[in-house]
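Undergrad: File entry03.cif follows (mmCIF, C-alpha atoms and all ligand atoms):
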```
data_structure
loop_
_atom_site.label_atom_id
_atom_site.label_comp_id
_atom_site.auth_asym_id
_atom_site.auth_seq_id
_atom_site.Cartn_x
_atom_site.Cartn_y
_atom_site.Cartn_z
CA MET G 1 11.27 21.79 84.70
CA ASP G 2 11.98 18.43 86.22
CA LEU G 3 9.46 15.62 86.37
CA VAL G 4 9.63 12.98 89.09
CA LYS G 5 7.54 9.81 89.20
CA ALA G 6 4.67 10.22 91.65
CA GLU G 7 4.62 7.04 93.73
CA PHE G 8 1.50 6.59 95.81
CA VAL G 9 2.03 3.54 98.03
CA ALA G 10 -1.08 2.05 99.65
CA SER G 11 -0.87 0.06 102.85
CA ASP G 12 -4.64 -0.11 103.41
CA ASP G 13 -7.69 -0.35 101.15
CA ARG G 14 -8.87 3.02 102.43
CA PHE G 15 -6.07 4.68 100.47
CA ALA G 16 -7.79 3.70 97.22
CA GLY G 17 -9.17 7.20 96.64
CA CYS G 18 -5.74 8.79 96.84
CA GLY G 19 -3.92 9.19 93.56
CA GLY G 20 -3.23 11.74 90.88
CA ASP G 21 -0.73 12.67 88.21
CA GLN G 22 1.81 10.03 87.27
CA TRP G 23 4.50 12.67 87.59
CA MET G 24 5.27 15.40 90.07
CA ARG G 25 6.62 18.65 88.72
CA ARG G 26 9.57 20.13 90.54
CA ILE G 27 8.59 23.77 90.13
CA HIS G 28 11.62 25.18 91.90
CA THR G 29 14.90 23.97 93.34
CA GLY G 30 18.17 25.39 94.63
CA CYS G 31 16.88 26.53 98.00
CA ARG G 32 18.50 25.63 101.33
CA TRP G 33 15.39 24.48 103.21
CA THR G 34 11.91 25.07 101.87
CA GLU G 35 8.94 25.31 104.21
CA GLY G 36 5.62 27.03 104.75
CA PRO G 37 3.78 26.59 101.41
CA VAL G 38 0.65 28.75 101.19
CA TYR G 39 -1.49 29.15 98.07
CA PHE G 40 -3.52 32.24 97.13
CA PRO G 41 -6.34 31.28 94.76
CA ALA G 42 -7.25 34.86 93.87
CA GLY G 43 -3.71 35.57 92.65
CA ARG G 44 -2.93 32.05 91.47
CA TYR G 45 0.41 31.95 93.21
CA LEU G 46 2.20 29.97 95.89
CA VAL G 47 4.38 31.56 98.54
CA PHE G 48 6.91 29.46 100.44
CA SER G 49 9.84 30.03 102.76
CA ASP G 50 13.51 29.35 102.09
CA ILE G 51 14.40 29.68 105.74
CA PRO G 52 18.23 29.64 105.89
CA ASN G 53 18.36 32.11 102.99
CA ASP G 54 16.09 34.46 104.97
CA ARG G 55 13.66 34.86 102.13
CA MET G 56 10.18 34.03 100.96
CA VAL G 57 9.67 32.95 97.37
CA ARG G 58 6.64 33.25 95.10
CA TRP G 59 5.73 30.87 92.27
CA ASP G 60 3.32 32.31 89.73
CA GLU G 61 1.03 29.58 88.46
CA THR G 62 0.07 31.55 85.36
CA THR G 63 3.62 31.90 84.04
CA GLY G 64 5.67 29.40 86.04
CA GLU G 65 7.97 32.24 87.04
CA VAL G 66 9.62 32.16 90.45
CA GLY G 67 10.86 35.24 92.25
CA VAL G 68 11.64 36.64 95.65
CA PHE G 69 8.50 37.61 97.54
CA ARG G 70 10.21 39.10 100.62
CA GLN G 71 13.84 39.34 101.68
CA PRO G 72 14.82 39.56 104.44
CA SER G 73 11.84 37.62 105.63
CA GLY G 74 12.64 37.53 109.34
CA TYR G 75 13.66 33.92 108.67
CA ALA G 76 9.99 33.13 108.11
CA ASN G 77 8.93 29.49 108.42
CA GLY G 78 5.29 28.38 108.31
CA HIS G 79 2.43 30.41 106.83
CA THR G 80 -1.29 30.24 106.44
CA ARG G 81 -3.95 32.22 104.58
CA ASP G 82 -6.63 33.61 106.86
CA ARG G 83 -10.34 33.78 106.09
CA ALA G 84 -9.90 37.28 104.64
CA GLY G 85 -7.24 36.00 102.25
CA ARG G 86 -4.34 37.58 104.11
CA LEU G 87 -0.92 36.03 104.64
CA VAL G 88 -0.16 34.98 108.23
CA SER G 89 3.49 34.15 108.90
CA CYS G 90 5.71 32.63 111.58
CA GLU G 91 9.02 34.51 111.77
CA HIS G 92 11.95 32.81 113.49
CA GLY G 93 14.24 35.82 113.34
CA ASN G 94 11.75 38.32 114.68
CA ARG G 95 10.31 35.69 117.02
CA ARG G 96 6.75 36.58 116.17
CA VAL G 97 3.61 35.76 114.22
CA THR G 98 2.47 38.44 111.80
CA ARG G 99 -0.25 39.22 109.32
CA THR G 100 0.40 40.99 106.02
CA GLU G 101 -2.56 43.28 105.42
CA HIS G 102 -4.16 43.91 102.05
CA ASP G 103 -2.25 47.21 101.81
CA GLY G 104 1.07 45.43 102.42
CA THR G 105 1.68 46.61 105.97
CA VAL G 106 2.63 44.01 108.56
CA THR G 107 0.70 43.63 111.81
CA VAL G 108 2.11 41.72 114.79
CA ILE G 109 -0.32 39.05 116.00
CA ALA G 110 1.89 37.67 118.78
CA ASP G 111 5.48 38.16 119.88
CA ARG G 112 5.35 37.56 123.63
CA TYR G 113 3.69 35.42 126.25
CA GLN G 114 3.29 37.09 129.64
CA GLY G 115 5.98 39.60 128.73
CA LYS G 116 8.54 37.02 127.59
CA ARG G 117 9.61 36.76 123.98
CA LEU G 118 8.45 33.74 122.02
CA ASN G 119 11.12 31.23 120.93
CA SER G 120 10.66 31.01 117.17
CA PRO G 121 7.13 30.38 115.90
CA ASN G 122 7.13 27.50 113.45
CA ASP G 123 3.70 26.85 111.98
CA VAL G 124 0.27 28.44 112.17
CA VAL G 125 -3.40 27.82 111.43
CA GLU G 126 -6.54 29.90 111.81
CA HIS G 127 -9.78 28.65 113.37
CA SER G 128 -13.04 29.86 111.85
CA ASP G 129 -13.74 31.75 115.11
CA GLY G 130 -10.84 34.03 114.16
CA SER G 131 -8.34 32.63 116.66
CA ILE G 132 -4.79 32.00 115.49
CA TRP G 133 -3.03 28.86 116.67
CA PHE G 134 0.73 28.41 116.41
CA THR G 135 3.58 26.25 117.63
CA ASP G 136 6.73 27.69 119.20
CA PRO G 137 9.68 25.27 119.21
CA SER G 138 13.24 26.55 119.53
CA TYR G 139 14.67 25.77 116.08
CA GLY G 140 15.08 29.45 115.23
CA ILE G 141 17.06 30.24 118.40
CA ASP G 142 19.10 27.03 118.69
CA SER G 143 21.68 28.38 116.26
CA ASP G 144 22.23 31.12 113.72
CA TYR G 145 21.28 28.79 110.86
CA GLU G 146 17.62 29.71 110.51
CA GLY G 147 17.29 32.59 112.93
CA TYR G 148 19.45 34.09 115.66
CA ARG G 149 20.92 32.04 118.49
CA ALA G 150 19.43 33.04 121.82
CA ASP G 151 18.30 31.61 125.11
CA SER G 152 14.62 30.82 125.45
CA GLU G 153 12.92 33.40 127.66
CA ILE G 154 9.93 31.15 128.20
CA GLY G 155 12.09 28.09 128.82
CA ALA G 156 9.79 25.63 127.06
CA CYS G 157 8.17 24.96 123.71
CA HIS G 158 4.41 25.41 123.78
CA VAL G 159 1.42 25.58 121.48
CA TYR G 160 -0.41 28.91 121.65
CA ARG G 161 -3.83 30.24 120.80
CA VAL G 162 -4.33 33.92 120.09
CA THR G 163 -7.94 34.73 120.88
CA PRO G 164 -9.97 36.83 118.45
CA ASP G 165 -9.42 39.81 120.78
CA GLY G 166 -5.65 39.33 120.74
CA GLN G 167 -4.91 37.51 124.00
CA VAL G 168 -2.04 35.03 123.78
CA ARG G 169 -2.86 31.85 125.71
CA ILE G 170 -1.08 28.53 126.11
CA ALA G 171 -3.10 25.84 124.35
CA ALA G 172 -0.79 22.92 125.16
CA ASP G 173 2.29 22.87 127.38
CA ASP G 174 3.45 19.25 127.24
CA PHE G 175 5.35 19.15 123.95
CA GLU G 176 9.07 18.83 123.32
CA ARG G 177 9.14 20.43 119.85
CA PRO G 178 5.61 21.20 118.64
CA ASN G 179 5.67 21.70 114.89
CA GLY G 180 2.98 21.26 112.21
CA LEU G 181 -0.68 21.55 113.19
CA ALA G 182 -4.05 21.24 111.50
CA PHE G 183 -7.72 21.19 112.44
CA SER G 184 -10.07 18.42 111.42
CA VAL G 185 -12.72 19.33 108.85
CA ASP G 186 -15.28 20.13 111.60
CA GLU G 187 -12.59 21.85 113.72
CA ARG G 188 -13.50 19.61 116.64
CA LYS G 189 -10.06 18.03 116.62
CA LEU G 190 -6.60 19.50 116.39
CA TYR G 191 -3.63 17.46 115.18
CA ILE G 192 -0.19 18.60 116.34
CA ALA G 193 3.16 17.06 115.43
CA ASP G 194 5.90 16.73 118.04
CA THR G 195 9.12 16.48 116.09
CA ARG G 196 11.36 15.58 119.00
CA GLN G 197 9.87 12.34 120.23
CA ASN G 198 11.30 8.91 119.63
CA PRO G 199 9.66 8.10 117.37
CA SER G 200 8.32 11.46 116.30
CA HIS G 201 4.55 11.54 116.50
CA ILE G 202 1.30 13.41 115.94
CA ARG G 203 -1.14 13.89 118.81
CA VAL G 204 -4.85 14.56 118.53
CA PHE G 205 -6.80 16.87 120.83
CA ASP G 206 -10.48 17.61 121.25
CA VAL G 207 -11.23 21.32 120.79
CA ALA G 208 -13.91 22.87 123.00
CA ASP G 209 -15.94 25.90 121.93
CA ASP G 210 -13.82 28.13 124.17
CA GLY G 211 -10.59 26.80 122.64
CA THR G 212 -9.70 24.50 125.51
CA LEU G 213 -7.86 21.35 124.41
CA THR G 214 -8.44 17.98 126.03
CA GLY G 215 -7.18 14.51 125.18
CA GLY G 216 -3.87 14.62 123.38
CA ASP G 217 -3.33 10.93 122.74
CA VAL G 218 -0.73 9.86 120.21
CA PHE G 219 -2.49 9.64 116.85
CA GLY G 220 0.29 8.37 114.62
CA THR G 221 4.02 7.73 114.76
CA CYS G 222 6.75 8.29 112.20
CA ASP G 223 9.05 5.56 110.84
CA SER G 224 11.03 7.82 108.52
CA GLY G 225 12.80 10.71 110.20
CA ALA G 226 10.40 13.06 111.95
CA PHE G 227 7.03 14.63 111.30
CA ASP G 228 6.96 18.31 110.40
CA GLY G 229 4.01 19.93 108.57
CA VAL G 230 0.50 18.46 108.83
CA ARG G 231 -2.62 19.03 106.71
CA VAL G 232 -6.09 17.50 106.58
CA ASP G 233 -7.96 16.67 103.38
CA ALA G 234 -11.68 17.04 102.76
CA ALA G 235 -12.28 13.38 103.63
CA GLY G 236 -10.66 13.90 107.02
CA ARG G 237 -7.44 12.08 106.21
CA VAL G 238 -4.34 13.49 107.90
CA TRP G 239 -1.26 14.09 105.73
CA ALA G 240 2.10 14.60 107.41
CA ALA G 241 5.52 15.47 106.02
CA ALA G 242 8.26 12.95 106.81
CA HIS G 243 11.72 12.18 105.49
CA ASP G 244 10.64 9.83 102.70
CA GLY G 245 7.52 11.71 101.61
CA LEU G 246 4.02 12.32 102.88
CA HIS G 247 2.39 9.86 105.26
CA CYS G 248 -1.41 9.58 105.12
CA PHE G 249 -3.54 8.54 108.10
CA ASP G 250 -7.17 7.57 108.30
CA PRO G 251 -9.04 9.61 110.95
CA ASP G 252 -8.87 6.50 113.17
CA GLY G 253 -5.07 6.82 113.24
CA THR G 254 -4.23 3.98 110.87
CA ARG G 255 -1.53 4.85 108.38
CA ILE G 256 -3.10 3.95 105.06
CA GLY G 257 -0.53 5.10 102.54
CA GLN G 258 2.27 7.36 101.42
CA LEU G 259 3.32 9.60 98.60
CA LEU G 260 7.05 9.11 98.14
CA VAL G 261 9.09 12.25 97.48
CA PRO G 262 12.81 12.20 96.57
CA GLU G 263 13.86 14.78 99.17
CA ILE G 264 13.21 15.18 102.90
CA CYS G 265 9.76 16.74 103.21
CA SER G 266 8.97 19.65 105.48
CA ASN G 267 5.38 20.60 104.68
CA LEU G 268 2.49 20.51 102.24
CA THR G 269 -0.56 22.46 101.19
CA PHE G 270 -3.49 22.20 98.83
CA GLY G 271 -4.05 24.84 96.16
CA GLY G 272 -6.04 25.59 93.06
CA PRO G 273 -9.65 26.78 93.05
CA ARG G 274 -10.82 23.32 94.18
CA ARG G 275 -7.86 22.58 96.47
CA ASN G 276 -6.80 19.54 94.45
CA HIS G 277 -3.35 20.82 93.52
CA LEU G 278 -0.94 19.38 96.06
CA PHE G 279 2.24 21.29 96.86
CA VAL G 280 5.10 19.77 98.86
CA THR G 281 8.09 21.65 100.20
CA ALA G 282 11.04 19.27 100.44
CA SER G 283 14.61 20.29 101.29
CA THR G 284 15.92 22.25 98.31
CA SER G 285 12.76 22.04 96.18
CA VAL G 286 9.02 22.43 95.81
CA TYR G 287 6.96 19.73 94.07
CA THR G 288 3.39 19.85 92.78
CA LEU G 289 0.87 17.50 91.24
CA ARG G 290 -2.88 17.33 90.73
CA VAL G 291 -4.52 14.76 92.96
CA THR G 292 -7.82 12.89 93.14
CA PHE G 293 -8.63 14.29 96.57
CA ASN G 294 -9.09 17.81 97.92
CA GLY G 295 -7.73 19.79 100.80
CA ALA G 296 -10.10 20.64 103.63
CA GLY G 297 -12.05 23.81 102.91
MG MG U 301 7.53 23.09 110.61
#
```
Can you give me the file's structure in the form of structure tokens?
TA:
Amino acid sequence: MDLVKAEFVASDDRFAGCGGDQWMRRIHTGCRWTEGPVYFPAGRYLVFSDIPNDRMVRWDETTGEVGVFRQPSGYANGHTRDRAGRLVSCEHGNRRVTRTEHDGTVTVIADRYQGKRLNSPNDVVEHSDGSIWFTDPSYGIDSDYEGYRADSEIGACHVYRVTPDGQVRIAADDFERPNGLAFSVDERKLYIADTRQNPSHIRVFDVADDGTLTGGDVFGTCDSGAFDGVRVDAAGRVWAAAHDGLHCFDPDGTRIGQLLVPEICSNLTFGGPRRNHLFVTASTSVYTLRVTFNGAG
């Protein structure tokens, strides 16, 4: 197993609480493009996508073993774990969002909007009210690289909310390529990355009780490639995957620091029973380290 120096770079005093292991462990490499890390505390394993290889991979924390979790995976991209502990997945190839039930069967959560097929769902989060929120850029239909080339039936790239009773609604319709998304700790704000802006940025919305979004100002911009996955820690800081590592923002939008990673980063998640094991998917590899902060509960 490879070890890589963990370089936390502060640009503001508020980053002082962010540190951890001196070394990151590269727990797996040799993939084409890793994405969608999701940790299951009950099973002590991490699942992530290797999108162009049309597979999902599982890393067993108890043994360090890595194996195929699902192949073909429908060119799965982002995942989340819902409140019942079930896997929720965005599938480029099948152009849908699904849930893997406790018995292993797969339930479709969303595959169309007003009768038209989705583009290629990219990333997904659950709200505590049971609604499922996902982004739908076109990366999985732009070519045959990580999905199947096709025209967009909807003709645009939106953010969607699936209500607890299964209705698919547009949550935001003014994005170019919506990508990673994450709620604030109190779920009153929703952060959404737009990969195709110049520079790429994250916007922040206010979330009403009925799921309506308002606001949408630019929260932070990217100076290294483009933002992809986004997560929030328990202190409310926003962590975003960029080309040179993870960028960390104070809730006021100030970038306060970075964790440098030696490959282009796509996403991150927090694992372990106390959510202080940080996992980063980055190009061909997955990195992990224990940190001095915790993922949002
Ligand atoms: Mg993504």
Undergrad: Check every protein, DNA and RNA residue against ligand MG 301 (chain U), keep those with an atom at most 8 Å away (counting all atoms listed in the file), and present them as an mmCIF file with C-alpha atoms, in the coordinates of the input.
TA:
```cif
data_model
loop_
_atom_site.group_PDB
_atom_site.id
_atom_site.type_symbol
_atom_site.label_atom_id
_atom_site.label_comp_id
_atom_site.auth_asym_id
_atom_site.auth_seq_id
_atom_site.Cartn_x
_atom_site.Cartn_y
_atom_site.Cartn_z
ATOM 1 C CA GLU G 35 8.940 25.310 104.210
ATOM 2 C CA GLY G 36 5.620 27.030 104.750
ATOM 3 C CA ASN G 77 8.930 29.490 108.420
ATOM 4 C CA GLY G 78 5.290 28.380 108.310
ATOM 5 C CA ASN G 122 7.130 27.500 113.450
ATOM 6 C CA ASP G 123 3.700 26.850 111.980
ATOM 7 C CA ASN G 179 5.670 21.700 114.890
ATOM 8 C CA GLY G 180 2.980 21.260 112.210
ATOM 9 C CA ASP G 228 6.960 18.310 110.400
ATOM 10 C CA GLY G 229 4.010 19.930 108.570
ATOM 11 C CA SER G 266 8.970 19.650 105.480
ATOM 12 C CA ASN G 267 5.380 20.600 104.680
#
```
Undergrad: Which one is closest to G:Phe249: G:Leu181, G:Ile202, G:Leu3, G:Leu46? Count all atoms listed in the file.
TA: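 Checking each candidate against G:Phe249, we get G:Ile202 as the closest.
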Undergrad: Report the distance between atom CA of G:Val4 and atom CA of G:Met24 in Å, rounded to one decimal place.
TA: 5.1 Å
Undergrad: Considering all atoms listed in the file, return as a PyMOL selection string whatever protein or nucleic-acid residues lie within 10 Å of stretch 133-139 of chain G, sequence-local ones (same chain, fewer than 4 positions apart) excluded.
TA: chain G and resi 78-79+89-90+92+95-97+110+118-127+143-152+155-163+168-172+175-183+192-196+211
Undergrad: Take the selection from the previous step and output its residues with C-alpha atoms, as a PDB file, in the frame of the given file.
TA:
```pdb
ATOM      1  CA  GLY G  78       5.290  28.380 108.310  1.00  0.00           C
ATOM      2  CA  HIS G  79       2.430  30.410 106.830  1.00  0.00           C
ATOM      3  CA  SER G  89       3.490  34.150 108.900  1.00  0.00           C
ATOM      4  CA  CYS G  90       5.710  32.630 111.580  1.00  0.00           C
ATOM      5  CA  HIS G  92      11.950  32.810 113.490  1.00  0.00           C
ATOM      6  CA  ARG G  95      10.310  35.690 117.020  1.00  0.00           C
ATOM      7  CA  ARG G  96       6.750  36.580 116.170  1.00  0.00           C
ATOM      8  CA  VAL G  97       3.610  35.760 114.220  1.00  0.00           C
ATOM      9  CA  ALA G 110       1.890  37.670 118.780  1.00  0.00           C
ATOM     10  CA  LEU G 118       8.450  33.740 122.020  1.00  0.00           C
ATOM     11  CA  ASN G 119      11.120  31.230 120.930  1.00  0.00           C
ATOM     12  CA  SER G 120      10.660  31.010 117.170  1.00  0.00           C
ATOM     13  CA  PRO G 121       7.130  30.380 115.900  1.00  0.00           C
ATOM     14  CA  ASN G 122       7.130  27.500 113.450  1.00  0.00           C
ATOM     15  CA  ASP G 123       3.700  26.850 111.980  1.00  0.00           C
ATOM     16  CA  VAL G 124       0.270  28.440 112.170  1.00  0.00           C
ATOM     17  CA  VAL G 125      -3.400  27.820 111.430  1.00  0.00           C
ATOM     18  CA  GLU G 126      -6.540  29.900 111.810  1.00  0.00           C
ATOM     19  CA  HIS G 127      -9.780  28.650 113.370  1.00  0.00           C
ATOM     20  CA  SER G 143      21.680  28.380 116.260  1.00  0.00           C
ATOM     21  CA  ASP G 144      22.230  31.120 113.720  1.00  0.00           C
ATOM     22  CA  TYR G 145      21.280  28.790 110.860  1.00  0.00           C
ATOM     23  CA  GLU G 146      17.620  29.710 110.510  1.00  0.00           C
ATOM     24  CA  GLY G 147      17.290  32.590 112.930  1.00  0.00           C
ATOM     25  CA  TYR G 148      19.450  34.090 115.660  1.00  0.00           C
ATOM     26  CA  ARG G 149      20.920  32.040 118.490  1.00  0.00           C
ATOM     27  CA  ALA G 150      19.430  33.040 121.820  1.00  0.00           C
ATOM     28  CA  ASP G 151      18.300  31.610 125.110  1.00  0.00           C
ATOM     29  CA  SER G 152      14.620  30.820 125.450  1.00  0.00           C
ATOM     30  CA  GLY G 155      12.090  28.090 128.820  1.00  0.00           C
ATOM     31  CA  ALA G 156       9.790  25.630 127.060  1.00  0.00           C
ATOM     32  CA  CYS G 157       8.170  24.960 123.710  1.00  0.00           C
ATOM     33  CA  HIS G 158       4.410  25.410 123.780  1.00  0.00           C
ATOM     34  CA  VAL G 159       1.420  25.580 121.480  1.00  0.00           C
ATOM     35  CA  TYR G 160      -0.410  28.910 121.650  1.00  0.00           C
ATOM     36  CA  ARG G 161      -3.830  30.240 120.800  1.00  0.00           C
ATOM     37  CA  VAL G 162      -4.330  33.920 120.090  1.00  0.00           C
ATOM     38  CA  THR G 163      -7.940  34.730 120.880  1.00  0.00           C
ATOM     39  CA  VAL G 168      -2.040  35.030 123.780  1.00  0.00           C
ATOM     40  CA  ARG G 169      -2.860  31.850 125.710  1.00  0.00           C
ATOM     41  CA  ILE G 170      -1.080  28.530 126.110  1.00  0.00           C
ATOM     42  CA  ALA G 171      -3.100  25.840 124.350  1.00  0.00           C
ATOM     43  CA  ALA G 172      -0.790  22.920 125.160  1.00  0.00           C
ATOM     44  CA  PHE G 175       5.350  19.150 123.950  1.00  0.00           C
ATOM     45  CA  GLU G 176       9.070  18.830 123.320  1.00  0.00           C
ATOM     46  CA  ARG G 177       9.140  20.430 119.850  1.00  0.00           C
ATOM     47  CA  PRO G 178       5.610  21.200 118.640  1.00  0.00           C
ATOM     48  CA  ASN G 179       5.670  21.700 114.890  1.00  0.00           C
ATOM     49  CA  GLY G 180       2.980  21.260 112.210  1.00  0.00           C
ATOM     50  CA  LEU G 181      -0.680  21.550 113.190  1.00  0.00           C
ATOM     51  CA  ALA G 182      -4.050  21.240 111.500  1.00  0.00           C
ATOM     52  CA  PHE G 183      -7.720  21.190 112.440  1.00  0.00           C
ATOM     53  CA  ILE G 192      -0.190  18.600 116.340  1.00  0.00           C
ATOM     54  CA  ALA G 193       3.160  17.060 115.430  1.00  0.00           C
ATOM     55  CA  ASP G 194       5.900  16.730 118.040  1.00  0.00           C
ATOM     56  CA  THR G 195       9.120  16.480 116.090  1.00  0.00           C
ATOM     57  CA  ARG G 196      11.360  15.580 119.000  1.00  0.00           C
ATOM     58  CA  GLY G 211     -10.590  26.800 122.640  1.00  0.00           C
TER      59      GLY G 211
END
```
Undergrad: So how far away is atom CA of G:Arg44 from atom CA of G:Ala235, in Å?
TA: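 So the answer is 24.2 Å.
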Undergrad: Saving stretch 233-285 of chain G with C-alpha atoms, as a short mmCIF file (atom, residue, chain, number, x, y, z; two decimals), in the first residue's frame, what would that file be?
TA:
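To be explicit, this is the file written out as part.cif:
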```cif
data_model
loop_
_atom_site.label_atom_id
_atom_site.label_comp_id
_atom_site.auth_asym_id
_atom_site.auth_seq_id
_atom_site.Cartn_x
_atom_site.Cartn_y
_atom_site.Cartn_z
CA ASP G 233 -18.33 18.71 7.65
CA ALA G 234 -19.89 18.88 11.10
CA ALA G 235 -18.59 22.42 11.61
CA GLY G 236 -20.37 23.55 8.46
CA ARG G 237 -17.26 23.86 6.32
CA VAL G 238 -17.74 22.99 2.65
CA TRP G 239 -15.22 20.63 1.03
CA ALA G 240 -15.05 20.43 -2.74
CA ALA G 241 -13.04 18.21 -5.07
CA ALA G 242 -10.80 20.08 -7.51
CA HIS G 243 -7.85 19.20 -9.72
CA ASP G 244 -5.13 19.76 -7.11
CA GLY G 245 -6.98 18.33 -4.12
CA LEU G 246 -9.83 19.31 -1.83
CA HIS G 247 -10.71 22.96 -1.34
CA CYS G 248 -12.24 23.94 2.01
CA PHE G 249 -14.59 26.90 2.45
CA ASP G 250 -15.87 28.57 5.58
CA PRO G 251 -19.69 28.82 5.60
CA ASP G 252 -19.24 32.52 4.70
CA GLY G 253 -17.69 31.48 1.38
CA THR G 254 -14.06 32.24 2.19
CA ARG G 255 -11.66 29.56 1.03
CA ILE G 256 -9.69 28.78 4.15
CA GLY G 257 -7.49 25.89 3.09
CA GLN G 258 -6.77 22.85 0.99
CA LEU G 259 -5.73 19.24 1.24
CA LEU G 260 -3.39 18.57 -1.66
CA VAL G 261 -3.84 15.25 -3.44
CA PRO G 262 -1.46 13.96 -6.16
CA GLU G 263 -4.20 13.12 -8.68
CA ILE G 264 -7.20 15.03 -10.05
CA CYS G 265 -9.94 14.70 -7.44
CA SER G 266 -13.52 13.82 -8.25
CA ASN G 267 -15.24 13.39 -4.89
CA LEU G 268 -14.93 12.73 -1.17
CA THR G 269 -16.82 11.24 1.73
CA PHE G 270 -16.48 10.77 5.46
CA GLY G 271 -16.54 7.29 6.97
CA GLY G 272 -15.87 5.39 10.14
CA PRO G 273 -18.25 5.22 13.11
CA ARG G 274 -17.52 8.87 13.94
CA ARG G 275 -17.21 10.10 10.34
CA ASN G 276 -13.59 11.18 10.82
CA HIS G 277 -12.10 8.87 8.18
CA LEU G 278 -11.81 10.93 5.01
CA PHE G 279 -11.96 9.15 1.66
CA VAL G 280 -11.04 10.87 -1.61
CA THR G 281 -11.63 9.46 -5.08
CA ALA G 282 -9.00 10.85 -7.44
CA SER G 283 -8.48 9.74 -11.04
CA THR G 284 -7.06 6.22 -10.89
CA SER G 285 -7.01 5.88 -7.09
#
```
